[in-house]
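Shown here: start_11.json, JSON, C-alpha atoms and all ligand atoms.
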```
[["chain", "number", "residue", "atom", "x", "y", "z"],
["A", 1, "MET", "CA", -22.87, -84.23, 0.58],
["A", 2, "GLN", "CA", -19.58, -83.16, -0.95],
["A", 3, "VAL", "CA", -17.94, -79.96, 0.30],
["A", 4, "ALA", "CA", -15.94, -77.51, -1.82],
["A", 5, "PRO", "CA", -14.39, -74.74, 0.30],
["A", 6, "SER", "CA", -14.02, -71.48, -1.63],
["A", 7, "ILE", "CA", -10.48, -70.17, -1.27],
["A", 8, "LEU", "CA", -11.81, -66.64, -1.74],
["A", 9, "SER", "CA", -12.13, -66.56, 2.06],
["A", 10, "ALA", "CA", -8.64, -67.97, 2.66],
["A", 11, "ASP", "CA", -5.69, -65.90, 3.90],
["A", 12, "PHE", "CA", -3.90, -65.13, 0.62],
["A", 13, "GLY", "CA", -0.74, -64.27, 2.57],
["A", 14, "LYS", "CA", -0.33, -67.98, 3.21],
["A", 15, "LEU", "CA", -2.33, -69.45, 0.36],
["A", 16, "GLU", "CA", -0.28, -72.63, -0.05],
["A", 17, "ALA", "CA", -0.74, -73.56, 3.62],
["A", 18, "GLU", "CA", -4.46, -72.72, 3.44],
["A", 19, "VAL", "CA", -5.01, -74.99, 0.43],
["A", 20, "GLN", "CA", -3.05, -77.79, 2.08],
["A", 21, "ALA", "CA", -5.06, -77.32, 5.28],
["A", 22, "ILE", "CA", -8.52, -77.61, 3.66],
["A", 23, "CYS", "CA", -7.38, -80.67, 1.71],
["A", 24, "ALA", "CA", -6.05, -82.27, 4.91],
["A", 25, "ALA", "CA", -9.36, -81.36, 6.60],
["A", 26, "ASP", "CA", -11.18, -83.70, 4.20],
["A", 27, "CYS", "CA", -12.75, -81.36, 1.68],
["A", 28, "ASP", "CA", -13.86, -82.97, -1.60],
["A", 29, "LEU", "CA", -13.00, -80.20, -4.08],
["A", 30, "VAL", "CA", -11.12, -76.90, -3.95],
["A", 31, "HIS", "CA", -13.42, -74.14, -5.27],
["A", 32, "ILE", "CA", -11.66, -71.33, -7.15],
["A", 33, "ASP", "CA", -13.57, -68.12, -7.90],
["A", 34, "VAL", "CA", -12.27, -66.36, -11.01],
["A", 35, "MET", "CA", -13.65, -62.81, -11.31],
["A", 36, "ASP", "CA", -12.70, -60.38, -14.06],
["A", 37, "GLY", "CA", -14.01, -57.00, -12.83],
["A", 38, "HIS", "CA", -16.50, -56.91, -15.75],
["A", 39, "PHE", "CA", -19.04, -59.68, -15.32],
["A", 40, "VAL", "CA", -18.90, -59.08, -11.55],
["A", 41, "PRO", "CA", -17.72, -56.00, -9.61],
["A", 42, "ASN", "CA", -14.66, -57.74, -8.18],
["A", 43, "LEU", "CA", -11.30, -58.98, -9.42],
["A", 44, "THR", "CA", -9.66, -62.10, -8.07],
["A", 45, "LEU", "CA", -7.09, -64.49, -9.41],
["A", 46, "GLY", "CA", -5.50, -65.49, -12.69],
["A", 47, "PRO", "CA", -3.39, -68.39, -13.91],
["A", 48, "VAL", "CA", -0.25, -67.38, -11.98],
["A", 49, "VAL", "CA", -2.03, -67.87, -8.66],
["A", 50, "VAL", "CA", -4.11, -70.86, -9.80],
["A", 51, "LYS", "CA", -0.87, -72.61, -10.77],
["A", 52, "SER", "CA", 0.27, -72.39, -7.13],
["A", 53, "VAL", "CA", -3.11, -73.53, -5.86],
["A", 54, "ALA", "CA", -3.05, -76.53, -8.23],
["A", 55, "LYS", "CA", 0.42, -77.45, -6.94],
["A", 56, "ALA", "CA", -0.63, -77.28, -3.28],
["A", 57, "ALA", "CA", -3.98, -79.03, -3.68],
["A", 58, "THR", "CA", -4.35, -82.76, -3.09],
["A", 59, "LYS", "CA", -8.06, -82.61, -4.02],
["A", 60, "PRO", "CA", -9.55, -81.84, -7.46],
["A", 61, "LEU", "CA", -10.10, -78.23, -8.48],
["A", 62, "ASP", "CA", -13.53, -76.73, -9.13],
["A", 63, "ILE", "CA", -13.10, -73.56, -11.20],
["A", 64, "HIS", "CA", -16.02, -71.11, -11.16],
["A", 65, "LEU", "CA", -15.69, -68.51, -13.93],
["A", 66, "MET", "CA", -17.39, -65.16, -13.31],
["A", 67, "VAL", "CA", -16.06, -63.47, -16.43],
["A", 68, "GLN", "CA", -16.81, -62.10, -19.85],
["A", 69, "ASN", "CA", -15.26, -64.04, -22.72],
["A", 70, "ASN", "CA", -15.52, -67.50, -21.13],
["A", 71, "SER", "CA", -13.72, -69.27, -23.97],
["A", 72, "PHE", "CA", -10.55, -67.24, -23.39],
["A", 73, "PHE", "CA", -10.56, -68.14, -19.69],
["A", 74, "VAL", "CA", -11.17, -71.83, -20.43],
["A", 75, "ASP", "CA", -7.96, -71.79, -22.49],
["A", 76, "LEU", "CA", -6.12, -70.11, -19.60],
["A", 77, "PHE", "CA", -7.21, -72.55, -16.90],
["A", 78, "ALA", "CA", -7.54, -75.88, -18.76],
["A", 79, "PRO", "CA", -3.79, -76.64, -18.38],
["A", 80, "PHE", "CA", -4.32, -77.00, -14.60],
["A", 81, "LYS", "CA", -6.61, -79.98, -15.24],
["A", 82, "PRO", "CA", -9.50, -79.04, -12.93],
["A", 83, "GLU", "CA", -12.29, -81.53, -12.34],
["A", 84, "PHE", "CA", -14.92, -78.92, -13.30],
["A", 85, "ILE", "CA", -15.01, -75.62, -15.13],
["A", 86, "SER", "CA", -18.31, -73.79, -14.66],
["A", 87, "PHE", "CA", -19.44, -70.75, -16.63],
["A", 88, "HIS", "CA", -22.39, -68.39, -16.22],
["A", 89, "ILE", "CA", -25.23, -68.96, -18.68],
["A", 90, "GLU", "CA", -26.08, -65.23, -18.49],
["A", 91, "GLU", "CA", -22.75, -64.47, -20.18],
["A", 92, "GLU", "CA", -22.60, -67.13, -22.90],
["A", 93, "LYS", "CA", -24.23, -67.02, -26.33],
["A", 94, "HIS", "CA", -22.73, -70.34, -27.43],
["A", 95, "ALA", "CA", -23.16, -72.44, -24.34],
["A", 96, "ASN", "CA", -23.42, -75.78, -26.12],
["A", 97, "ARG", "CA", -20.22, -75.12, -28.05],
["A", 98, "LEU", "CA", -18.41, -74.11, -24.87],
["A", 99, "THR", "CA", -19.45, -77.28, -23.03],
["A", 100, "GLN", "CA", -17.93, -79.29, -25.89],
["A", 101, "LYS", "CA", -14.75, -77.26, -25.75],
["A", 102, "ILE", "CA", -14.38, -77.87, -21.99],
["A", 103, "ARG", "CA", -15.04, -81.59, -22.42],
["A", 104, "ASN", "CA", -12.49, -81.83, -25.22],
["A", 105, "PHE", "CA", -9.88, -80.74, -22.67],
["A", 106, "GLY", "CA", -10.91, -83.73, -20.53],
["A", 107, "ILE", "CA", -12.64, -81.43, -18.02],
["A", 108, "ARG", "CA", -16.22, -81.79, -16.80],
["A", 109, "PRO", "CA", -18.39, -78.85, -17.97],
["A", 110, "ALA", "CA", -20.80, -77.11, -15.60],
["A", 111, "VAL", "CA", -23.21, -74.21, -15.99],
["A", 112, "VAL", "CA", -23.96, -71.54, -13.38],
["A", 113, "LEU", "CA", -27.30, -69.83, -12.75],
["A", 114, "ASN", "CA", -27.48, -66.43, -11.06],
["A", 115, "PRO", "CA", -30.12, -66.11, -8.35],
["A", 116, "HIS", "CA", -32.64, -64.50, -10.73],
["A", 117, "THR", "CA", -32.05, -66.92, -13.63],
["A", 118, "GLY", "CA", -34.71, -69.56, -14.22],
["A", 119, "ILE", "CA", -33.96, -73.16, -15.11],
["A", 120, "GLU", "CA", -35.77, -73.06, -18.50],
["A", 121, "CYS", "CA", -32.75, -71.62, -20.31],
["A", 122, "ILE", "CA", -30.62, -74.70, -19.58],
["A", 123, "ASP", "CA", -33.23, -77.37, -20.31],
["A", 124, "TYR", "CA", -31.59, -78.28, -23.62],
["A", 125, "LEU", "CA", -28.13, -78.11, -22.09],
["A", 126, "LEU", "CA", -28.65, -80.57, -19.24],
["A", 127, "GLU", "CA", -27.67, -83.62, -21.27],
["A", 128, "TYR", "CA", -24.36, -81.96, -22.23],
["A", 129, "ILE", "CA", -23.16, -80.97, -18.76],
["A", 130, "ASP", "CA", -22.03, -82.81, -15.64],
["A", 131, "MET", "CA", -23.18, -80.22, -13.09],
["A", 132, "VAL", "CA", -25.40, -77.19, -12.57],
["A", 133, "LEU", "CA", -24.08, -74.62, -10.10],
["A", 134, "VAL", "CA", -26.94, -72.70, -8.51],
["A", 135, "MET", "CA", -25.89, -69.35, -7.04],
["A", 136, "SER", "CA", -27.53, -68.63, -3.70],
["A", 137, "VAL", "CA", -25.97, -65.13, -3.50],
["A", 138, "ASN", "CA", -25.24, -62.55, -6.19],
["A", 139, "PRO", "CA", -21.79, -63.47, -7.48],
["A", 140, "GLY", "CA", -18.83, -61.26, -6.66],
["A", 141, "PHE", "CA", -18.13, -61.53, -2.94],
["A", 142, "GLY", "CA", -17.86, -64.01, -0.11],
["A", 143, "GLY", "CA", -19.72, -63.62, 3.16],
["A", 144, "GLN", "CA", -23.16, -62.70, 1.79],
["A", 145, "LYS", "CA", -26.56, -63.85, 3.00],
["A", 146, "PHE", "CA", -28.20, -66.96, 1.50],
["A", 147, "ILE", "CA", -31.18, -66.14, -0.78],
["A", 148, "PRO", "CA", -33.90, -68.58, 0.35],
["A", 149, "ASN", "CA", -35.98, -68.83, -2.85],
["A", 150, "VAL", "CA", -33.18, -70.79, -4.54],
["A", 151, "LEU", "CA", -34.43, -73.81, -2.59],
["A", 152, "GLU", "CA", -37.56, -73.81, -4.74],
["A", 153, "LYS", "CA", -35.42, -73.48, -7.87],
["A", 154, "ILE", "CA", -33.23, -76.42, -6.82],
["A", 155, "LYS", "CA", -36.30, -78.63, -6.41],
["A", 156, "LEU", "CA", -37.59, -77.70, -9.88],
["A", 157, "LEU", "CA", -34.11, -78.30, -11.30],
["A", 158, "LYS", "CA", -33.87, -81.69, -9.63],
["A", 159, "ASP", "CA", -37.08, -82.75, -11.42],
["A", 160, "ARG", "CA", -35.76, -81.63, -14.83],
["A", 161, "ILE", "CA", -32.44, -83.38, -14.18],
["A", 162, "GLU", "CA", -34.22, -86.64, -13.38],
["A", 163, "ILE", "CA", -35.90, -86.44, -16.80],
["A", 164, "ARG", "CA", -33.05, -85.18, -18.98],
["A", 165, "ASN", "CA", -29.79, -86.34, -17.36],
["A", 166, "PRO", "CA", -30.01, -88.10, -13.97],
["A", 167, "LYS", "CA", -26.19, -88.14, -13.70],
["A", 168, "CYS", "CA", -25.97, -84.33, -13.69],
["A", 169, "LEU", "CA", -24.94, -83.01, -10.25],
["A", 170, "ILE", "CA", -26.30, -79.96, -8.41],
["A", 171, "GLU", "CA", -23.89, -77.64, -6.65],
["A", 172, "VAL", "CA", -24.90, -74.61, -4.56],
["A", 173, "ASP", "CA", -22.69, -71.59, -3.90],
["A", 174, "GLY", "CA", -23.16, -68.68, -1.51],
["A", 175, "GLY", "CA", -24.10, -68.23, 2.13],
["A", 176, "VAL", "CA", -23.94, -71.96, 2.86],
["A", 177, "SER", "CA", -23.54, -72.92, 6.54],
["A", 178, "ASP", "CA", -24.78, -75.38, 9.15],
["A", 179, "VAL", "CA", -27.98, -73.28, 9.29],
["A", 180, "ASN", "CA", -29.19, -74.16, 5.76],
["A", 181, "ILE", "CA", -27.35, -77.43, 5.03],
["A", 182, "LYS", "CA", -30.32, -79.61, 6.03],
["A", 183, "ASP", "CA", -32.65, -77.79, 3.59],
["A", 184, "LEU", "CA", -30.04, -78.08, 0.82],
["A", 185, "ARG", "CA", -29.61, -81.80, 1.42],
["A", 186, "GLU", "CA", -33.38, -82.35, 1.37],
["A", 187, "ALA", "CA", -33.69, -80.36, -1.87],
["A", 188, "GLY", "CA", -31.29, -82.80, -3.57],
["A", 189, "VAL", "CA", -28.01, -80.88, -3.63],
["A", 190, "ASP", "CA", -24.87, -82.97, -4.25],
["A", 191, "ILE", "CA", -22.06, -80.44, -3.59],
["A", 192, "VAL", "CA", -21.96, -77.29, -1.48],
["A", 193, "VAL", "CA", -19.45, -74.48, -1.84],
["A", 194, "ALA", "CA", -18.65, -72.73, 1.44],
["A", 195, "GLY", "CA", -16.18, -69.89, 1.91],
["A", 196, "SER", "CA", -16.65, -67.73, 4.98],
["A", 197, "TYR", "CA", -18.28, -70.54, 6.98],
["A", 198, "VAL", "CA", -15.35, -72.96, 6.53],
["A", 199, "PHE", "CA", -12.58, -70.40, 6.91],
["A", 200, "SER", "CA", -13.98, -68.74, 10.04],
["A", 201, "GLY", "CA", -13.69, -71.83, 12.24],
["A", 202, "ASP", "CA", -11.91, -75.13, 12.64],
["A", 203, "TYR", "CA", -11.64, -76.34, 9.04],
["A", 204, "ARG", "CA", -12.13, -80.04, 9.76],
["A", 205, "GLN", "CA", -15.06, -79.47, 12.09],
["A", 206, "ARG", "CA", -16.76, -76.99, 9.72],
["A", 207, "ILE", "CA", -16.35, -79.24, 6.67],
["A", 208, "ALA", "CA", -17.64, -82.25, 8.63],
["A", 209, "SER", "CA", -20.70, -80.27, 9.75],
["A", 210, "LEU", "CA", -21.74, -79.85, 6.10],
["A", 211, "LYS", "CA", -21.27, -83.46, 5.00],
["B", 301, "LIG", "C1", -19.34, -65.67, -4.77],
["B", 301, "LIG", "C2", -18.47, -66.89, -4.93],
["B", 301, "LIG", "C3", -18.54, -67.84, -3.82],
["B", 301, "LIG", "C4", -18.13, -67.29, -2.48],
["B", 301, "LIG", "C5", -18.81, -68.08, -1.42],
["B", 301, "LIG", "O1", -19.30, -64.94, -5.96],
["B", 301, "LIG", "O2", -18.83, -67.58, -6.11],
["B", 301, "LIG", "O3", -17.84, -69.03, -4.11],
["B", 301, "LIG", "O4", -16.76, -67.30, -2.27],
["B", 301, "LIG", "O5", -18.55, -67.49, -0.20],
["B", 301, "LIG", "P1", -19.52, -67.66, 1.05],
["B", 301, "LIG", "O6", -19.60, -69.12, 1.36],
["B", 301, "LIG", "O7", -18.84, -66.87, 2.12],
["B", 301, "LIG", "O8", -20.85, -67.10, 0.66],
["B", 302, "ZN", "ZN", -17.99, -69.63, -6.45]]
```
Please express the file's structure as structure tokens.
Amino acid sequence: MQVAPSILSADFGKLEAEVQAICAADCDLVHIDVMDGHFVPNLTLGPVVVKSVAKAATKPLDIHLMVQNNSFFVDLFAPFKPEFISFHIEEEKHANRLTQKIRNFGIRPAVVLNPHTGIECIDYLLEYIDMVLVMSVNPGFGGQKFIPNVLEKIKLLKDRIEIRNPKCLIEVDGGVSDVNIKDLREAGVDIVVAGSYVFSGDYRQRIASLK
């Protein structure tokens, strides 16, 4: 299991040190939650802050867009050369085109599903993306409770991925901790995002407990 701590739960007063600390604590990716105050009822960070995060990070960046106008934000963040940029399918009319745009920047495209969104709407997208990010909370805030029926969705998704693009990864985001990690592993998840769980304890120990 790969672990991507979400810096949303970091202490932004010492963000550089926090990013260095999770990277030194053996995380696999640095998860960055971009919220625009429109798609979700919260506002987080823009390119000025992400530039500093990119400088401090020694692990690849995983940018999760929770925004309207995805294409504009892809242009803003592509210069930081993240490993992944993921966008919400609920907010994108031209998803296939956007995956191509992300890939043309040399970045791996990923699509995000809200907790209520079924997997049918991405069936014809699976062969064009490198990862599906399954939300296990409603996007917008850290520290929320894991929604258990996403486990069923992950299993259905795993079956479709085996048929359409076996290389496509599954990432889960929201309410992940040592309590549900076994279920997630058994369901076939490749990467977990964890914010409050990692940042509320010893970073190395918490990350190791999810691997
Ligand atoms: C929620 C974000 C998550 C969040 C996870 O909108 O996408 O990445 O920071 O935080 P926890 O792990 O605390 O649920
Ligand atoms: Zn996220």
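With only C-alpha atoms and all ligand atoms as the basis for measurement, A:Pro5 is the residue among A:Gly201, A:Gly37, A:Pro5, A:Pro60 that approaches ligand ZN 302 (chain B) most closely.
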Tell me which protein, DNA and RNA residues are within 8 Å of Gly188 (chain A), counting all atoms listed in the file, leaving out same-chain ones fewer than 2 positions away, and put them as a short mmCIF file (atom, residue, chain, number, x, y, z; two decimals) with C-alpha atoms, keeping the file's coordinate frame.
```cif
data_model
loop_
_atom_site.label_atom_id
_atom_site.label_comp_id
_atom_site.auth_asym_id
_atom_site.auth_seq_id
_atom_site.Cartn_x
_atom_site.Cartn_y
_atom_site.Cartn_z
CA ILE A 154 -33.23 -76.42 -6.82
CA LYS A 155 -36.30 -78.63 -6.41
CA LYS A 158 -33.87 -81.69 -9.63
CA ILE A 170 -26.30 -79.96 -8.41
CA LEU A 184 -30.04 -78.08 0.82
CA ARG A 185 -29.61 -81.80 1.42
CA GLU A 186 -33.38 -82.35 1.37
CA ASP A 190 -24.87 -82.97 -4.25
#
```
Shell around region 142-153 of chain A at 8 Å using all atoms listed in the file, local window under 2 positions removed, as a count of residues only:
21
Taking only C-alpha atoms and all ligand atoms into account, which residues have an atom no farther than 10 Å from ligand ZN 302 (chain B)? I'd like them as a ChimeraX atom specification.
/A:4-8,31-35,62-66,86,112,133-137,139-142,171-174,192-195
State, in Å with one decimal place, the distance from CA of Met1 (chain A) to CA of Arg103 (chain A).
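So the answer is 24.4 Å.
Reported to one decimal place, the separation of CA of Asp28 (chain A) from CA of Gln2 (chain A) is 5.8 Å.
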Residue nearest Ala208 (chain A) - candidates A:Val189, A:Asp178, A:Leu125, A:Ile102, atoms counted: all atoms listed in the file:
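That would be A:Asp178, the residue with the smallest distance to Ala208 (chain A).
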Expected file for region 101-121 of chain A keeping N, CA, C and O atoms, as a compact mmCIF listing (two decimals), in the first residue's frame:
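Saved to part-v6.txt:
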```txt
# COMPACT_ATOMS: atom_id res chain seq x y z
N LYS A 101 -5.11 16.56 -22.04
CA LYS A 101 -4.37 17.79 -21.73
C LYS A 101 -3.36 17.56 -20.58
O LYS A 101 -2.20 17.97 -20.67
N ILE A 102 -3.81 16.86 -19.55
CA ILE A 102 -2.92 16.57 -18.41
C ILE A 102 -1.74 15.72 -18.87
O ILE A 102 -0.58 16.00 -18.56
N ARG A 103 -2.04 14.69 -19.67
CA ARG A 103 -0.97 13.81 -20.15
C ARG A 103 0.02 14.54 -21.05
O ARG A 103 1.22 14.28 -21.02
N ASN A 104 -0.48 15.48 -21.82
CA ASN A 104 0.42 16.25 -22.70
C ASN A 104 1.41 17.10 -21.92
O ASN A 104 2.44 17.51 -22.44
N PHE A 105 1.11 17.37 -20.65
CA PHE A 105 2.06 18.06 -19.77
C PHE A 105 3.07 17.07 -19.17
O PHE A 105 3.92 17.47 -18.36
N GLY A 106 2.91 15.79 -19.47
CA GLY A 106 3.80 14.78 -18.88
C GLY A 106 3.36 14.39 -17.47
O GLY A 106 4.15 13.86 -16.68
N ILE A 107 2.08 14.63 -17.16
CA ILE A 107 1.53 14.34 -15.83
C ILE A 107 0.50 13.23 -15.97
O ILE A 107 -0.20 13.14 -16.99
N ARG A 108 0.42 12.37 -14.95
CA ARG A 108 -0.52 11.24 -15.03
C ARG A 108 -1.93 11.69 -14.63
O ARG A 108 -2.13 12.20 -13.52
N PRO A 109 -2.92 11.52 -15.54
CA PRO A 109 -4.28 11.96 -15.22
C PRO A 109 -5.03 10.98 -14.32
O PRO A 109 -4.89 9.76 -14.48
N ALA A 110 -5.83 11.55 -13.42
CA ALA A 110 -6.67 10.73 -12.54
C ALA A 110 -8.04 11.39 -12.41
O ALA A 110 -8.17 12.60 -12.55
N VAL A 111 -9.05 10.55 -12.16
CA VAL A 111 -10.41 11.04 -12.04
C VAL A 111 -10.94 10.72 -10.65
O VAL A 111 -10.65 9.66 -10.10
N VAL A 112 -11.69 11.66 -10.08
CA VAL A 112 -12.21 11.50 -8.71
C VAL A 112 -13.72 11.26 -8.73
O VAL A 112 -14.44 11.92 -9.49
N LEU A 113 -14.17 10.36 -7.89
CA LEU A 113 -15.60 10.08 -7.73
C LEU A 113 -16.04 10.52 -6.33
O LEU A 113 -15.47 10.07 -5.32
N ASN A 114 -17.06 11.36 -6.25
CA ASN A 114 -17.67 11.69 -4.97
C ASN A 114 -18.32 10.45 -4.38
O ASN A 114 -18.60 9.48 -5.11
N PRO A 115 -18.63 10.47 -3.09
CA PRO A 115 -19.20 9.26 -2.47
C PRO A 115 -20.48 8.76 -3.15
O PRO A 115 -20.71 7.54 -3.21
N HIS A 116 -21.29 9.66 -3.70
CA HIS A 116 -22.56 9.23 -4.29
C HIS A 116 -22.43 8.87 -5.78
O HIS A 116 -23.40 8.41 -6.38
N THR A 117 -21.26 9.10 -6.37
CA THR A 117 -21.11 8.91 -7.81
C THR A 117 -20.78 7.45 -8.14
O THR A 117 -19.82 6.89 -7.60
N GLY A 118 -21.58 6.86 -9.03
CA GLY A 118 -21.34 5.48 -9.44
C GLY A 118 -20.17 5.37 -10.40
O GLY A 118 -19.69 6.37 -10.94
N ILE A 119 -19.74 4.12 -10.63
CA ILE A 119 -18.56 3.92 -11.48
C ILE A 119 -18.90 3.91 -12.97
O ILE A 119 -18.01 4.00 -13.81
N GLU A 120 -20.22 3.82 -13.30
CA GLU A 120 -20.61 3.68 -14.72
C GLU A 120 -20.10 4.87 -15.55
O GLU A 120 -19.68 4.71 -16.69
N CYS A 121 -20.13 6.06 -14.96
CA CYS A 121 -19.82 7.27 -15.74
C CYS A 121 -18.34 7.35 -16.14
O CYS A 121 -17.98 8.21 -16.95
```
